[in-house]
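Novice: Before we start, here is the structure in question, set down as C-alpha cells.
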Amino acid sequence: MNVEIHIANSSFVSYSQEICDLIYESAQARGTGIAKRSAEYISEKIEAGKAVIALDGDKLVGFSYIETFSHQRFVANSGLVVHPDYRNQGLAKKIKRKIFDLSRKLYPNAKIFSITTGLAVMKMNTELGFKPVTFSELTDDEEFWNGCKGCRNYDILQRNSFKMCLCTGLLYDPKDPAAQKPSTFAKKVVKPVIKTRKPNKLYKK
Ligand SMILES: CC(C)(COP(=O)(O)OP(=O)(O)OC[C@H]1O[C@@H](n2cnc3c(N)ncnc32)[C@H](O)[C@@H]1OP(=O)(O)O)[C@@H](O)C(=O)NCCC(=O)NCCS
C-alpha cells in the first residue's frame, strides 16, 4: 500500500463520479441514509480545493470534503469514506486530520461540526478536540438539515422539531481553550473509558 493524501484540485475532477459511487455504496452497506451528492457537486468541491482525496497510485481509496453553513460561521467535514479494502489501517484518521487542518486554514474562525452515529467518527473527532453537544449548538441553516432527508431516521428528527435524533452532535469551537489540547483530553479521558468498558453483568451467563 502506497497511499498519498492530496488536497484536491482540478486535476482530480475525473474521480467525481467514482467518489459519489463509493460514498453511496458504503452508506448502503452500513444501512444508513446519506445526504446524497451529485458528481457535479463533488466536482465543484474538488475544483475549489475544498476536498481531500487519497490515492493508491491512481486508485481512489478515500475522500472527504468541506461544506459551509450559516454564512461560513459553521463548517462540516462531510462525505468521509475509505475504500473497503483499505479500512482499519488508520487511513480515515489521516484524511480527517488533513480535512480538519484545511478547514482551520480556510475558515479559522468557524466552528467545525458533525452529526454521526458512527463510533469511528466519534473517536476521530474527539481526538481532534470536538465535544459532544446538543443540536441547539449546531447550525440552524436549513440547507444542512435538508441533507438529513435521505436518512431512514428523518421522521425521528422531524418528530423532535430538529432538536434531537439518533445522531450525536460533535462540535469543535476554535474559541474554546479546551479544544486546543484535544489529544490530551482524548487520551486521558475518552480512550480509557472506551477501552475499560466491561460487559454488562445482566447478560453474563
Ligand atoms: C468509517 C470509516 C471512514 C473508517 O475508516 P478507516 O480507515 O477504517 O478508519 P481508521 O482505520 O482510520 O480508524 C480510525 C478510528 O476509528 C476506529 N474504527 C474504524 N472503523 C470502526 C468501526 N467500524 N467501528 C468502530 N470503530 C471503528 C478505529 O479503531 C480507530 O480508532 P482508534 O484511533 O481508537 O484506534 C470507514 O469504515 C468507511 O468509509 N465507512 C463507510 C462510510 C462511513 O461510515 N463514513 C462515516 C460517515 S459519518
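Every chain in the C-alpha cells takes a letter, A first, then B, and so on in the order presented; its residues are numbered from 1, and the ligands are numbered from 1 following the presented order.
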For ligand 1, collect every residue having any atom at a distance of at most 8 Å from a ligand atom (counting only C-alpha atoms and all ligand atoms); output as number ranges by chain.
Specialist: A: 23, 26-27, 29-30, 62, 78-84, 86-94, 114-124, 191
Novice: Pick out each residue of chain A that DSSP on the backbone tags as alpha helix (DSSP H); I need them as an MDAnalysis selection string.
Specialist: chainID A and resid 16:30 39:47 91:106 119:128 142:146 154:159 182:185 191:195
Novice: Of the candidates A:Asn77, A:Asn125, A:Asn109, A:Ser70, which shows the shortest atom-to-atom distance to Thr139 in chain A, using only C-alpha atoms?
Specialist: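 Closest residue, counting only C-alpha atoms: A:Ser70.
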Novice: Report the distance between CA of Arg104 in chain A and CA of Ile42 in chain A in Å, rounded to one decimal place.
Specialist: 20.3 Å
Novice: For CA of Ala179 in chain A and CA of Ala48 in chain A, quote the distance in Å rounded to one decimal.
Specialist: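 Distance reported for this atom pair: 27.7 Å.
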Novice: From a backbone DSSP assignment, name each residue in range 3-83 of chain A labelled strand (DSSP E), as a CSV table (one decimal) with C-alpha atoms, in the first residue's frame.
Specialist:
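Generated file (states30.csv):
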```csv
chain,number,residue,atom,x,y,z
A,3,VAL,CA,-1.3,5.8,-0.3
A,4,GLU,CA,-0.9,9.6,-0.8
A,5,ILE,CA,-3.4,12.1,0.6
A,6,HIS,CA,-3.8,15.2,-1.6
A,7,ILE,CA,-5.7,18.5,-1.1
A,51,ALA,CA,-11.7,18.4,-0.5
A,52,VAL,CA,-9.1,15.8,0.3
A,53,ILE,CA,-8.5,12.7,-1.8
A,54,ALA,CA,-6.5,9.6,-1.0
A,55,LEU,CA,-5.0,7.6,-3.9
A,56,ASP,CA,-3.0,4.4,-4.0
A,59,LYS,CA,-6.8,4.1,-7.5
A,60,LEU,CA,-9.3,6.1,-5.4
A,61,VAL,CA,-9.1,4.9,-1.8
A,62,GLY,CA,-10.5,7.7,0.3
A,63,PHE,CA,-12.2,11.1,0.4
A,64,SER,CA,-13.7,13.9,2.4
A,65,TYR,CA,-14.9,17.5,1.6
A,66,ILE,CA,-15.7,20.8,3.3
A,67,GLU,CA,-19.2,22.4,3.5
A,68,THR,CA,-20.0,25.8,5.0
A,69,PHE,CA,-23.3,26.9,6.6
A,74,PHE,CA,-20.1,26.7,10.7
A,75,VAL,CA,-18.1,24.2,8.7
A,76,ALA,CA,-18.8,20.5,8.3
A,77,ASN,CA,-16.3,17.9,7.1
A,78,SER,CA,-18.6,15.7,5.1
A,79,GLY,CA,-18.6,12.6,2.9
A,80,LEU,CA,-15.7,10.8,4.8
A,81,VAL,CA,-15.2,7.5,3.1
A,82,VAL,CA,-12.4,4.9,2.9
```
Novice: Would you list the contacts of range 157-173 of chain A as a PDB file with N, CA and C atoms, in the first residue's frame, taking every protein, DNA or RNA residue within 6 Å and counting only C-alpha atoms, but skipping same-chain residues closer than 2 positions in sequence?
Specialist:
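As a result, out-v2.pdb now contains:
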```
ATOM      1  N   LYS A 111     -16.829  27.435  13.544  1.00  0.00           N
ATOM      2  CA  LYS A 111     -16.991  26.236  14.364  1.00  0.00           C
ATOM      3  C   LYS A 111     -17.114  25.052  13.407  1.00  0.00           C
ATOM      4  N   ILE A 112     -16.440  23.961  13.735  1.00  0.00           N
ATOM      5  CA  ILE A 112     -16.494  22.780  12.868  1.00  0.00           C
ATOM      6  C   ILE A 112     -17.371  21.740  13.568  1.00  0.00           C
ATOM      7  N   PHE A 113     -18.297  21.150  12.826  1.00  0.00           N
ATOM      8  CA  PHE A 113     -19.232  20.246  13.493  1.00  0.00           C
ATOM      9  C   PHE A 113     -19.538  19.029  12.643  1.00  0.00           C
ATOM     10  N   SER A 114     -20.075  18.026  13.299  1.00  0.00           N
ATOM     11  CA  SER A 114     -20.617  16.893  12.558  1.00  0.00           C
ATOM     12  C   SER A 114     -21.710  16.239  13.387  1.00  0.00           C
ATOM     13  N   ILE A 115     -22.565  15.487  12.703  1.00  0.00           N
ATOM     14  CA  ILE A 115     -23.508  14.635  13.425  1.00  0.00           C
ATOM     15  C   ILE A 115     -23.271  13.218  12.915  1.00  0.00           C
ATOM     16  N   THR A 116     -23.235  12.275  13.831  1.00  0.00           N
ATOM     17  CA  THR A 116     -22.903  10.912  13.417  1.00  0.00           C
ATOM     18  C   THR A 116     -23.473   9.871  14.378  1.00  0.00           C
ATOM     19  N   THR A 117     -23.692   8.667  13.852  1.00  0.00           N
ATOM     20  CA  THR A 117     -23.985   7.519  14.716  1.00  0.00           C
ATOM     21  C   THR A 117     -22.756   6.607  14.765  1.00  0.00           C
ATOM     22  N   PHE A 130     -13.106  17.866  19.249  1.00  0.00           N
ATOM     23  CA  PHE A 130     -14.558  18.043  19.209  1.00  0.00           C
ATOM     24  C   PHE A 130     -15.157  17.613  20.544  1.00  0.00           C
ATOM     25  N   LYS A 131     -16.282  18.267  20.906  1.00  0.00           N
ATOM     26  CA  LYS A 131     -17.000  17.914  22.127  1.00  0.00           C
ATOM     27  C   LYS A 131     -18.437  17.537  21.755  1.00  0.00           C
ATOM     28  N   PRO A 132     -19.034  16.577  22.485  1.00  0.00           N
ATOM     29  CA  PRO A 132     -20.448  16.261  22.200  1.00  0.00           C
ATOM     30  C   PRO A 132     -21.359  17.405  22.630  1.00  0.00           C
ATOM     31  N   VAL A 133     -22.316  17.744  21.791  1.00  0.00           N
ATOM     32  CA  VAL A 133     -23.242  18.849  22.102  1.00  0.00           C
ATOM     33  C   VAL A 133     -24.650  18.481  21.642  1.00  0.00           C
ATOM     34  N   THR A 134     -25.633  19.211  22.165  1.00  0.00           N
ATOM     35  CA  THR A 134     -26.996  19.047  21.646  1.00  0.00           C
ATOM     36  C   THR A 134     -27.103  19.790  20.312  1.00  0.00           C
ATOM     37  N   PHE A 135     -28.126  19.435  19.546  1.00  0.00           N
ATOM     38  CA  PHE A 135     -28.274  20.033  18.214  1.00  0.00           C
ATOM     39  C   PHE A 135     -28.459  21.555  18.286  1.00  0.00           C
ATOM     40  N   TYR A 154     -35.169  10.174   9.447  1.00  0.00           N
ATOM     41  CA  TYR A 154     -35.612  11.570   9.302  1.00  0.00           C
ATOM     42  C   TYR A 154     -36.923  11.836  10.045  1.00  0.00           C
ATOM     43  N   ASP A 155     -37.801  10.843  10.085  1.00  0.00           N
ATOM     44  CA  ASP A 155     -39.082  11.044  10.787  1.00  0.00           C
ATOM     45  C   ASP A 155     -38.843  11.334  12.275  1.00  0.00           C
ATOM     46  N   LYS A 175     -12.807  28.879  19.724  1.00  0.00           N
ATOM     47  CA  LYS A 175     -12.667  29.823  20.845  1.00  0.00           C
ATOM     48  C   LYS A 175     -12.644  29.107  22.197  1.00  0.00           C
ATOM     49  N   ASP A 176     -12.886  27.807  22.181  1.00  0.00           N
ATOM     50  CA  ASP A 176     -12.889  27.043  23.440  1.00  0.00           C
ATOM     51  C   ASP A 176     -11.452  26.623  23.767  1.00  0.00           C
TER      52      ASP A 176
END
```
Novice: By how many Å are CA of Ser16 in chain A and CA of Gly150 in chain A apart?
Specialist: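 Going from CA of Ser16 in chain A over to CA of Gly150 in chain A, I get 20.1 Å.
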Novice: Could you tell me which of A:Ile46, A:Gly129, A:Gly57, A:Met1 comes closest to Ser14 in chain A if we count only C-alpha atoms?
Specialist: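 Looking only at the distances to Ser14 in chain A, the closest residue turns out to be A:Ile46.
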Novice: Given only C-alpha atoms as the basis, pick out the residue of A:Ile19, A:Glu47, A:Pro174, A:Asn153 nearest to Phe100 in chain A.
Specialist: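 Comparing A:Ile19, A:Glu47, A:Pro174, A:Asn153 against Phe100 in chain A, the winner is A:Pro174.
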